[in-house]
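J.: Input file: protein22.cif. Contents: mmCIF, C-alpha atoms and all ligand atoms.
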```cif
data_protein
loop_
_atom_site.label_atom_id
_atom_site.label_comp_id
_atom_site.auth_asym_id
_atom_site.auth_seq_id
_atom_site.Cartn_x
_atom_site.Cartn_y
_atom_site.Cartn_z
CA MET A 392 -29.04 39.78 5.45
CA PRO A 393 -27.45 36.35 5.66
CA GLY A 394 -24.01 36.14 4.15
CA ALA A 395 -23.72 39.81 3.32
CA GLY A 396 -20.63 40.04 5.50
CA GLY A 397 -20.18 41.70 8.82
CA GLY A 398 -20.37 45.43 8.32
CA GLY A 399 -18.93 46.17 11.73
CA THR A 400 -15.38 46.45 12.97
CA LEU A 401 -13.73 43.65 14.92
CA LEU A 402 -10.32 43.48 16.54
CA VAL A 403 -9.05 39.98 17.26
CA ARG A 404 -6.39 40.85 19.79
CA GLY A 405 -3.25 39.26 21.14
CA GLY A 406 -3.26 35.78 19.59
CA HIS A 407 -0.50 33.79 17.95
CA VAL A 408 -1.45 34.73 14.39
CA ILE A 409 -0.56 32.19 11.70
CA THR A 410 -1.13 34.24 8.56
CA MET A 411 -0.16 31.69 5.85
CA ALA A 412 0.63 34.80 3.80
CA PRO A 413 3.93 34.76 1.91
CA GLY A 414 6.46 37.08 3.49
CA THR A 415 4.47 37.55 6.71
CA GLY A 416 4.59 34.17 8.42
CA ASP A 417 3.46 34.15 12.04
CA VAL A 418 2.84 37.15 14.25
CA PRO A 419 3.16 36.14 17.92
CA ASP A 420 1.01 38.31 20.17
CA GLY A 421 -0.63 39.65 16.99
CA ASP A 422 -3.85 41.41 16.16
CA VAL A 423 -6.20 41.11 13.20
CA LEU A 424 -8.38 44.11 12.41
CA VAL A 425 -11.55 43.37 10.46
CA SER A 426 -13.69 46.03 8.85
CA GLY A 427 -16.66 45.65 6.52
CA GLY A 428 -16.08 41.91 6.24
CA ALA A 429 -12.47 42.32 5.08
CA ILE A 430 -9.12 42.16 6.83
CA ALA A 431 -7.96 45.75 7.31
CA ALA A 432 -4.66 45.05 9.09
CA VAL A 433 -2.53 42.32 10.66
CA GLY A 434 0.14 43.38 13.15
CA THR A 435 0.98 44.02 16.76
CA GLY A 436 -0.43 46.66 19.08
CA LEU A 437 -3.20 47.69 16.69
CA ASP A 438 -5.61 50.25 18.12
CA ALA A 439 -9.27 49.31 18.33
CA PRO A 440 -11.23 51.94 16.38
CA ALA A 441 -14.16 53.55 18.16
CA GLY A 442 -17.09 51.17 18.33
CA ALA A 443 -15.03 48.10 17.42
CA THR A 444 -15.85 44.77 19.01
CA VAL A 445 -12.71 43.35 20.62
CA ILE A 446 -12.24 39.58 20.71
CA ASP A 447 -9.56 38.62 23.22
CA ALA A 448 -7.38 35.91 21.64
CA ALA A 449 -4.56 36.10 24.20
CA GLY A 450 -2.92 32.71 24.63
CA MET A 451 -4.82 31.32 21.64
CA ILE A 452 -4.00 30.48 18.03
CA VAL A 453 -5.45 32.63 15.25
CA ALA A 454 -5.39 31.07 11.78
CA PRO A 455 -7.14 31.35 8.43
CA GLY A 456 -10.50 29.60 8.30
CA LEU A 457 -10.08 26.04 7.03
CA VAL A 458 -11.02 25.30 3.43
CA ASP A 459 -12.83 22.16 2.32
CA THR A 460 -12.55 21.46 -1.41
CA HIS A 461 -15.17 18.73 -2.09
CA TRP A 462 -18.13 17.73 0.07
CA HIS A 463 -21.44 16.10 -0.82
CA MET A 464 -23.24 18.11 1.80
CA TRP A 465 -26.74 16.85 0.99
CA ASN A 466 -25.87 13.33 2.08
CA THR A 467 -24.78 14.41 5.55
CA LEU A 468 -28.38 13.33 6.24
CA LEU A 469 -27.01 9.79 5.68
CA ARG A 470 -24.09 10.16 8.12
CA GLY A 471 -22.55 6.84 9.10
CA MET A 472 -24.85 4.78 6.87
CA SER A 473 -22.57 3.62 4.07
CA GLU A 474 -22.15 0.06 5.39
CA THR A 475 -25.89 -0.42 5.59
CA GLY A 476 -26.16 0.81 1.96
CA PRO A 477 -24.65 -1.76 1.51
CA GLY A 478 -21.76 0.36 0.36
CA TYR A 479 -21.59 4.11 -0.25
CA PHE A 480 -22.65 4.12 -3.89
CA ARG A 481 -25.61 1.78 -3.33
CA LEU A 482 -26.67 3.92 -0.37
CA CYS A 483 -26.74 7.07 -2.54
CA ARG A 484 -28.51 5.31 -5.41
CA GLY A 485 -30.97 3.69 -2.99
CA LEU A 486 -31.97 6.63 -0.79
CA GLY A 487 -30.96 9.60 -2.99
CA PRO A 488 -34.09 9.37 -5.20
CA ALA A 489 -36.33 9.60 -2.10
CA PHE A 490 -34.89 13.02 -1.17
CA GLY A 491 -37.09 16.07 -1.58
CA PRO A 492 -35.70 19.62 -1.66
CA ASP A 493 -36.33 20.03 2.08
CA ASP A 494 -34.23 16.92 2.80
CA VAL A 495 -31.38 18.40 0.76
CA PHE A 496 -31.80 21.57 2.83
CA GLN A 497 -31.64 19.68 6.14
CA GLY A 498 -28.64 17.59 5.12
CA THR A 499 -26.77 20.64 3.86
CA LEU A 500 -27.61 22.71 6.94
CA LEU A 501 -26.36 19.96 9.24
CA ALA A 502 -23.15 19.83 7.20
CA CYS A 503 -22.84 23.62 7.48
CA ALA A 504 -23.25 23.46 11.26
CA GLU A 505 -20.50 20.85 11.41
CA ALA A 506 -18.28 22.96 9.15
CA ILE A 507 -18.62 26.03 11.36
CA SER A 508 -18.13 24.02 14.51
CA SER A 509 -14.95 22.50 13.02
CA GLY A 510 -13.41 25.79 11.91
CA ILE A 511 -14.17 25.32 8.20
CA THR A 512 -15.17 28.67 6.68
CA THR A 513 -15.12 27.71 2.98
CA VAL A 514 -16.80 24.63 1.54
CA HIS A 515 -17.17 23.18 -1.92
CA ASP A 516 -20.69 21.79 -1.98
CA TRP A 517 -20.51 19.01 -4.59
CA ALA A 518 -24.25 18.73 -5.23
CA HIS A 519 -24.91 15.42 -6.94
CA ASN A 520 -28.52 14.99 -6.03
CA VAL A 521 -30.13 17.83 -7.97
CA ARG A 522 -33.36 16.09 -8.88
CA GLY A 523 -35.38 18.99 -10.29
CA PRO A 524 -36.40 22.58 -9.69
CA GLY A 525 -36.01 23.55 -6.07
CA TYR A 526 -33.18 21.16 -5.21
CA ALA A 527 -30.28 23.47 -6.00
CA ALA A 528 -32.16 26.37 -4.41
CA ALA A 529 -32.63 24.31 -1.22
CA GLY A 530 -28.91 23.58 -0.89
CA LEU A 531 -28.06 27.19 -1.62
CA ARG A 532 -30.56 28.41 0.95
CA ALA A 533 -28.81 26.33 3.63
CA LEU A 534 -25.38 27.66 2.64
CA ALA A 535 -26.63 31.25 2.67
CA GLN A 536 -28.33 30.78 6.04
CA ALA A 537 -25.11 29.37 7.50
CA GLY A 538 -23.01 32.30 6.26
CA LEU A 539 -20.21 30.11 4.92
CA ARG A 540 -18.18 30.90 1.84
CA ALA A 541 -18.89 28.25 -0.76
CA ARG A 542 -18.62 27.07 -4.28
CA PHE A 543 -21.85 25.30 -5.16
CA SER A 544 -21.16 22.81 -7.94
CA CYS A 545 -24.49 21.91 -9.47
CA GLY A 546 -24.61 18.33 -10.70
CA TYR A 547 -26.85 15.44 -11.71
CA PRO A 548 -29.32 13.49 -9.57
CA ALA A 549 -28.23 10.36 -7.66
CA ALA A 550 -28.94 7.22 -9.76
CA HIS A 551 -29.09 9.27 -12.98
CA PRO A 552 -28.85 7.03 -16.09
CA ASN A 553 -25.36 7.04 -17.62
CA ASP A 554 -26.65 7.65 -21.13
CA GLN A 555 -28.49 10.83 -20.18
CA ALA A 556 -27.00 14.29 -19.76
CA MET A 557 -27.59 16.20 -16.57
CA ASP A 558 -30.23 18.94 -16.61
CA LEU A 559 -28.29 21.55 -18.61
CA ALA A 560 -31.35 23.78 -19.01
CA GLY A 561 -31.62 23.82 -15.21
CA LEU A 562 -27.93 24.75 -14.95
CA ARG A 563 -28.45 27.61 -17.41
CA ARG A 564 -31.44 28.81 -15.41
CA LEU A 565 -29.49 28.71 -12.16
CA HIS A 566 -26.67 30.66 -13.81
CA ALA A 567 -29.10 33.26 -15.18
CA GLU A 568 -30.71 33.69 -11.75
CA TRP A 569 -27.44 33.50 -9.84
CA ASP A 570 -27.54 36.98 -8.30
CA GLY A 571 -30.57 35.86 -6.32
CA HIS A 572 -28.62 32.95 -4.80
CA ALA A 573 -25.13 34.40 -4.34
CA ALA A 574 -25.63 35.67 -0.75
CA GLY A 575 -23.84 38.92 -1.47
CA GLY A 576 -20.96 37.16 -3.24
CA LEU A 577 -20.26 34.53 -0.58
CA LEU A 578 -21.48 31.77 -2.90
CA SER A 579 -20.18 31.04 -6.38
CA LEU A 580 -21.43 28.60 -8.98
CA GLY A 581 -19.69 25.65 -10.63
CA MET A 582 -20.67 22.44 -12.38
CA ALA A 583 -20.25 18.92 -10.97
CA CYS A 584 -19.66 16.57 -13.87
CA ARG A 585 -19.62 12.76 -13.98
CA GLY A 586 -16.97 12.71 -16.71
CA PRO A 587 -16.07 9.37 -18.27
CA GLY A 588 -15.89 7.38 -15.05
CA GLY A 589 -18.72 8.90 -13.12
CA SER A 590 -18.83 9.03 -9.36
CA ASP A 591 -19.31 5.30 -9.17
CA PRO A 592 -16.34 3.32 -10.49
CA ALA A 593 -18.78 0.84 -12.03
CA MET A 594 -20.30 3.58 -14.19
CA HIS A 595 -19.23 4.49 -17.66
CA VAL A 596 -20.55 7.68 -19.18
CA PRO A 597 -20.09 8.11 -22.96
CA GLU A 598 -18.29 11.15 -24.34
CA ALA A 599 -21.50 12.11 -26.19
CA VAL A 600 -22.98 12.76 -22.75
CA TYR A 601 -20.15 14.42 -20.86
CA ARG A 602 -18.73 16.60 -23.66
CA PRO A 603 -21.89 18.75 -24.01
CA GLU A 604 -21.88 19.09 -20.20
CA PHE A 605 -18.30 20.42 -20.29
CA ASP A 606 -19.14 22.66 -23.26
CA THR A 607 -22.11 24.17 -21.43
CA ALA A 608 -20.06 24.87 -18.30
CA ARG A 609 -17.37 26.57 -20.37
CA GLU A 610 -19.88 28.59 -22.35
CA LEU A 611 -21.26 29.87 -19.03
CA GLY A 612 -17.76 30.42 -17.60
CA LEU A 613 -18.30 27.92 -14.77
CA PRO A 614 -15.49 25.87 -13.22
CA VAL A 615 -15.90 22.10 -13.51
CA THR A 616 -15.28 19.46 -10.86
CA ILE A 617 -15.08 15.77 -11.64
CA HIS A 618 -14.29 12.55 -9.76
CA ALA A 619 -11.49 10.36 -11.06
CA CYS A 620 -11.44 7.55 -8.61
CA GLY A 621 -11.85 3.89 -8.06
CA PRO A 622 -9.71 0.80 -7.96
CA PRO A 623 -7.35 0.07 -10.87
CA HIS A 624 -10.11 -1.29 -13.15
CA ALA A 625 -11.47 2.23 -13.34
CA ALA A 626 -8.12 3.75 -14.27
CA GLY A 627 -7.68 5.85 -17.38
CA GLN A 628 -10.29 8.51 -16.59
CA ILE A 629 -7.78 11.36 -16.50
CA GLU A 630 -6.13 10.02 -19.66
CA ALA A 631 -9.53 10.07 -21.39
CA LEU A 632 -10.14 13.68 -20.35
CA ALA A 633 -6.67 14.64 -21.56
CA GLU A 634 -7.26 12.92 -24.93
CA ASP A 635 -10.59 14.73 -25.23
CA GLY A 636 -8.78 18.02 -24.62
CA LEU A 637 -11.06 18.77 -21.66
CA LEU A 638 -8.53 19.36 -18.86
CA GLY A 639 -7.66 22.93 -17.95
CA PRO A 640 -7.11 25.35 -15.08
CA ASP A 641 -10.90 25.54 -14.67
CA VAL A 642 -11.05 21.81 -13.84
CA GLN A 643 -10.77 20.28 -10.38
CA VAL A 644 -10.19 16.52 -10.31
CA VAL A 645 -11.21 14.68 -7.15
CA HIS A 646 -9.13 11.80 -5.67
CA ALA A 647 -6.79 10.78 -8.55
CA ASN A 648 -5.65 7.81 -6.42
CA CYS A 649 -4.96 5.60 -9.41
CA ALA A 650 -3.47 8.26 -11.67
CA THR A 651 -0.50 7.06 -13.70
CA ALA A 652 2.67 9.13 -13.96
CA ALA A 653 1.48 10.21 -17.42
CA GLU A 654 -1.89 11.28 -16.01
CA ILE A 655 -0.22 13.30 -13.25
CA GLY A 656 1.78 14.93 -16.05
CA HIS A 657 -1.44 15.80 -17.92
CA LEU A 658 -2.94 17.35 -14.79
CA ALA A 659 0.17 19.43 -14.17
CA ALA A 660 0.48 20.56 -17.80
CA SER A 661 -3.19 21.60 -17.96
CA GLY A 662 -3.22 23.54 -14.70
CA ALA A 663 -6.02 21.37 -13.29
CA THR A 664 -6.15 21.05 -9.50
CA VAL A 665 -6.78 17.98 -7.33
CA SER A 666 -8.89 17.53 -4.21
CA VAL A 667 -7.60 14.79 -1.91
CA SER A 668 -10.04 13.28 0.62
CA PRO A 669 -7.89 10.85 2.60
CA PHE A 670 -10.54 9.39 4.90
CA SER A 671 -13.05 8.50 2.19
CA GLU A 672 -10.26 7.21 -0.07
CA LEU A 673 -9.02 4.93 2.72
CA LEU A 674 -12.44 3.76 3.89
CA ILE A 675 -13.88 2.99 0.46
CA GLY A 676 -10.73 1.21 -0.60
CA TYR A 677 -9.42 3.54 -3.32
CA GLY A 678 -5.94 3.22 -1.89
CA LEU A 679 -3.52 5.79 -0.60
CA PRO A 680 -3.65 9.50 -1.40
CA ARG A 681 -1.01 10.65 -3.89
CA THR A 682 -0.43 13.97 -2.15
CA ALA A 683 3.36 14.07 -2.37
CA GLU A 684 3.49 13.07 -6.05
CA LEU A 685 0.83 15.61 -6.96
CA LEU A 686 2.67 18.36 -5.08
CA ALA A 687 6.02 17.35 -6.60
CA ALA A 688 4.44 17.76 -10.05
CA GLY A 689 3.42 21.32 -9.12
CA ILE A 690 -0.31 20.55 -9.03
CA GLY A 691 -2.55 22.65 -6.78
CA VAL A 692 -3.86 20.33 -4.08
CA GLY A 693 -6.64 20.88 -1.55
CA LEU A 694 -8.09 18.64 1.16
CA SER A 695 -11.68 17.52 1.43
CA ALA A 696 -14.30 15.88 3.62
CA ASP A 697 -16.12 14.21 0.68
CA THR A 698 -19.01 12.50 2.45
CA THR A 699 -19.86 11.86 6.07
CA ALA A 700 -22.10 8.95 4.99
CA LEU A 701 -18.75 7.14 4.64
CA THR A 702 -16.30 9.07 6.84
CA GLY A 703 -18.58 9.87 9.76
CA ASN A 704 -17.40 13.42 10.29
CA ALA A 705 -15.79 16.36 8.55
CA ASP A 706 -12.95 17.00 10.99
CA MET A 707 -10.41 18.97 8.93
CA PHE A 708 -7.85 18.73 11.75
CA ALA A 709 -7.94 14.93 11.48
CA ILE A 710 -7.86 15.19 7.69
CA MET A 711 -4.66 17.26 7.95
CA LYS A 712 -3.10 14.80 10.38
CA VAL A 713 -3.78 11.71 8.28
CA THR A 714 -2.61 13.53 5.14
CA GLN A 715 0.72 14.37 6.75
CA GLY A 716 1.06 10.92 8.28
CA LEU A 717 0.41 9.04 5.03
CA ALA A 718 2.78 11.27 3.04
CA ASN A 719 5.56 10.76 5.58
CA ALA A 720 4.90 7.03 5.83
CA LEU A 721 5.05 6.57 2.05
CA ALA A 722 8.25 8.62 1.84
CA GLY A 723 9.88 6.96 4.85
CA ASP A 724 10.72 10.46 6.00
CA GLU A 725 9.50 12.29 9.11
CA PHE A 726 9.85 15.59 7.24
CA ALA A 727 8.48 14.70 3.78
CA LEU A 728 5.36 16.79 4.42
CA THR A 729 5.79 19.28 7.24
CA ALA A 730 2.97 20.47 9.45
CA ARG A 731 3.16 23.95 7.91
CA ARG A 732 2.93 22.55 4.38
CA THR A 733 -0.03 20.44 5.49
CA LEU A 734 -1.76 23.45 7.03
CA ALA A 735 -1.28 25.26 3.71
CA LEU A 736 -3.21 22.46 1.97
CA ALA A 737 -6.15 23.10 4.31
CA THR A 738 -5.99 26.90 3.92
CA ILE A 739 -4.34 28.86 1.11
CA ASP A 740 -3.77 25.90 -1.22
CA GLY A 741 -7.35 24.74 -0.71
CA ALA A 742 -8.51 28.22 -1.66
CA ARG A 743 -6.30 28.02 -4.77
CA CYS A 744 -7.81 24.62 -5.59
CA LEU A 745 -11.19 26.39 -5.77
CA GLY A 746 -9.92 29.52 -7.52
CA LEU A 747 -10.63 31.54 -4.36
CA ASP A 748 -7.06 32.32 -3.25
CA ALA A 749 -7.42 36.04 -3.98
CA VAL A 750 -10.35 36.09 -1.57
CA THR A 751 -9.57 33.71 1.30
CA GLY A 752 -7.08 31.16 2.67
CA SER A 753 -4.62 33.55 4.35
CA LEU A 754 -4.73 36.49 6.74
CA ALA A 755 -3.62 39.54 4.79
CA PRO A 756 -5.03 43.04 4.36
CA GLY A 757 -7.60 43.17 1.58
CA LYS A 758 -8.68 39.56 1.89
CA ARG A 759 -12.12 38.68 3.19
CA ALA A 760 -12.11 38.05 6.93
CA ASP A 761 -12.34 34.25 7.24
CA LEU A 762 -10.50 33.17 10.38
CA ILE A 763 -10.55 30.91 13.39
CA VAL A 764 -9.38 31.22 16.98
CA VAL A 765 -8.30 27.95 18.60
CA SER A 766 -8.07 27.72 22.37
CA PRO A 767 -5.43 25.51 23.99
CA ALA A 768 -7.63 25.09 27.06
CA GLY A 769 -8.68 21.48 26.38
CA PRO A 770 -6.78 18.50 27.80
CA ASN A 771 -5.76 17.43 24.27
CA LEU A 772 -3.80 20.71 24.03
CA GLY A 773 -3.02 22.43 27.32
CA LEU A 774 0.20 23.88 25.92
CA LEU A 775 1.11 26.36 23.22
CA THR A 776 4.35 24.85 21.93
CA ASP A 777 4.53 24.90 18.12
CA PRO A 778 1.15 26.37 17.13
CA VAL A 779 1.27 25.02 13.56
CA GLN A 780 2.12 21.48 14.60
CA LEU A 781 -0.54 21.69 17.29
CA LEU A 782 -3.19 22.61 14.72
CA VAL A 783 -2.22 19.72 12.43
CA THR A 784 -1.61 16.97 14.97
CA ALA A 785 -3.39 17.84 18.22
CA ALA A 786 -6.32 20.17 17.69
CA GLN A 787 -9.89 18.95 17.38
CA PRO A 788 -13.10 20.75 16.41
CA GLY A 789 -13.95 21.17 20.11
CA ASN A 790 -10.89 23.39 20.54
CA VAL A 791 -12.23 25.94 18.03
CA ASP A 792 -13.31 28.88 20.17
CA THR A 793 -14.26 31.44 17.53
CA VAL A 794 -15.10 31.26 13.83
CA ILE A 795 -15.43 34.35 11.65
CA ALA A 796 -16.54 34.10 8.02
CA ASP A 797 -16.68 37.20 5.83
CA GLY A 798 -16.37 39.29 8.98
CA ARG A 799 -19.34 37.66 10.66
CA VAL A 800 -18.92 35.77 13.94
CA LEU A 801 -20.44 32.29 13.47
CA LYS A 802 -18.96 30.63 16.56
CA GLN A 803 -17.82 32.25 19.79
CA GLY A 804 -16.82 30.83 23.14
CA GLY A 805 -17.09 27.37 21.60
CA ALA A 806 -20.78 27.73 20.66
CA LEU A 807 -22.42 28.45 17.32
CA THR A 808 -23.90 31.95 17.37
CA THR A 809 -26.28 31.88 14.38
CA LEU A 810 -27.39 28.25 13.99
CA ASP A 811 -29.43 26.23 16.48
CA THR A 812 -27.65 22.86 16.45
CA GLU A 813 -30.29 21.13 18.57
CA ARG A 814 -33.04 22.13 16.20
CA ILE A 815 -30.93 21.25 13.16
CA GLY A 816 -30.35 17.76 14.59
CA ARG A 817 -34.05 17.30 15.34
CA ASP A 818 -35.06 18.44 11.86
CA ALA A 819 -32.41 16.23 10.28
CA ARG A 820 -33.62 13.13 12.14
CA GLN A 821 -37.17 13.85 11.04
CA ALA A 822 -36.11 14.42 7.43
CA LEU A 823 -34.14 11.16 7.36
CA ALA A 824 -37.13 9.23 8.72
CA GLY A 825 -39.21 10.65 5.86
CA VAL A 826 -36.57 9.73 3.27
CA ILE A 827 -36.41 6.14 4.54
CA ALA A 828 -40.21 5.81 4.65
CA ARG A 829 -40.62 7.15 1.10
CA SER A 830 -37.86 4.90 -0.16
CA ARG A 831 -39.57 1.84 1.38
CA SER A 832 -42.98 2.69 -0.06
CA ALA A 833 -41.40 3.28 -3.51
CA ARG A 834 -39.93 -0.24 -3.41
CA ARG A 835 -43.25 -1.86 -2.50
ZN ZN A 901 -16.91 12.76 -3.84
#
```
Once you've parsed the file, please lay out its structure as structure tokens.
Ligand SMILES: [Zn+2]
T.:
Amino acid sequence: MPGAGGGGTLLVRGGHVITMAPGTGDVPDGDVLVSGGAIAAVGTGLDAPAGATVIDAAGMIVAPGLVDTHWHMWNTLLRGMSETGPGYFRLCRGLGPAFGPDDVFQGTLLACAEAISSGITTVHDWAHNVRGPGYAAAGLRALAQAGLRARFSCGYPAAHPNDQAMDLAGLRRLHAEWDGHAAGGLLSLGMACRGPGGSDPAMHVPEAVYRPEFDTARELGLPVTIHACGPPHAAGQIEALAEDGLLGPDVQVVHANCATAAEIGHLAASGATVSVSPFSELLIGYGLPRTAELLAAGIGVGLSADTTALTGNADMFAIMKVTQGLANALAGDEFALTARRTLALATIDGARCLGLDAVTGSLAPGKRADLIVVSPAGPNLGLLTDPVQLLVTAAQPGNVDTVIADGRVLKQGGALTTLDTERIGRDARQALAGVIARSRSARR
């Protein structure tokens, strides 16, 4: 059953284990014992129980699976197309309405394949092209097939009118039927809300629309995620949410590039978290990530891929590196954000940003077994000096040898074990051709 977790026993043996668990730190020449999809033990010289599969990690780095905290997976079908949009928002408004459920499935599955290949074991699928019955189910089917851990935040359709609420009856239905989608607990449900500013800085959504959306999510006990982005003319979104009394620990704010000091104070006081997506923020022109200020205020911060229509890929190693580099550049300090602190943002802090830190993000007994093994064999590594700094500054997705999510091996020896990437690429190209053709005929 997809996503039900590996029932077997695995021993990942002899790697440099970066646990990211408080009080444990790194275990050089360490072992990780996995049983029933959970971490049973982390230590040295662990015995392999009878029947256990042993994965030799000698000379390699073992780390928690990387955590993405905001990704519009459906529009991976539009990878590298934002300039032809022209512009990311026009691209989504232009081609999004031509997507059928199967196109959402293909885009999401391609994103999942990239996630696994890149060592990402948890994703936050920010689904903002839910156009009717079948769309959410299609995205969820791809996530379940991939075996990733995910929060699926169900949102509104691309190009949805600002004066209309999202399909709240559909959200209630999805919530009521959730057990049928949850892939044995790997997937959890949230709501993706436009809030006052919407996903497009040019949008303005009235409170009469977004308040009932918030109220419904809270009635159902669902966490809420919301963009607060855009150049300075779109500032004030976080202030508006604070004035409306809508911020809280169940809210994740995305970007927050133009947050004022007062708004950062509101986020901190409310317990809301922030997802920072440096590459999309740079490329779309939102300005520089505010990582250091958010962290200094005590806000839970995670890193995110956002959209490969704009950023091209979802390389979490590169996302870590640019996050550290920008924080140090802004501070004028080589040590403002250390590699270890940066790795935490992409692991345990990312999990905290999604409310999943009791489940994933570090290697400790009792947690679900989400981990990666990174080989230094490639020419961009070649050495095993400081394993944490290597992960943040030198490693690339191609160095990821093994990926285990919920105890299930999804990548081994550098190749995906459960997904056929050639077929996924072929199906994605075909789906995109259909989307473009339907969009053209709709315009005629
Ligand atoms: Zn986004």
J.: Which protein, DNA or RNA residues have an atom within 7 Å of ligand ZN 901 (chain A), counting all atoms listed in the file, as a ChimeraX atom specification?
T.: /A:461-463,590,618,645,697-698
J.: Given all atoms listed in the file as the basis, pick out the residue of A:Lys802, A:Arg563, A:His515, A:Arg522 nearest to A:Leu694.
T.: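 Using all atoms listed in the file, the shortest distance to A:Leu694 belongs to A:His515.
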J.: Might you pull out every residue within 9 Å of A:Ile511, with all atoms listed in the file counted and same-chain residues fewer than 6 positions away left off, and present them as a compact mmCIF listing (two decimals) with C-alpha atoms, keeping the file's coordinate frame?
T.:
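The result, written out as part_33.txt:
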```txt
# COMPACT_ATOMS: atom_id res chain seq x y z
CA GLY A 456 -10.50 29.60 8.30
CA LEU A 457 -10.08 26.04 7.03
CA VAL A 458 -11.02 25.30 3.43
CA ASP A 459 -12.83 22.16 2.32
CA CYS A 503 -22.84 23.62 7.48
CA GLU A 505 -20.50 20.85 11.41
CA LEU A 539 -20.21 30.11 4.92
CA ASP A 706 -12.95 17.00 10.99
CA MET A 707 -10.41 18.97 8.93
CA LEU A 762 -10.50 33.17 10.38
CA ILE A 763 -10.55 30.91 13.39
CA VAL A 794 -15.10 31.26 13.83
```
J.: When you look at A:Pro440 with a cut-off of 10 Å (counting only C-alpha atoms), what residues show up, excluding the ones that are within fewer than 3 positions of it in the same chain? I need them as a list in words.
T.: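 Residues near the query, excluding close chain neighbours: Thr400, Leu401, Leu402, Leu424, Ser426, Leu437, Ala443, Thr444 and Val445 of chain A.
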J.: Using only C-alpha atoms, which of the listed residues (A:Cys584, A:Ile446, A:Gln821, A:Ala833) sits closest to A:Asp493?
T.: A:Gln821
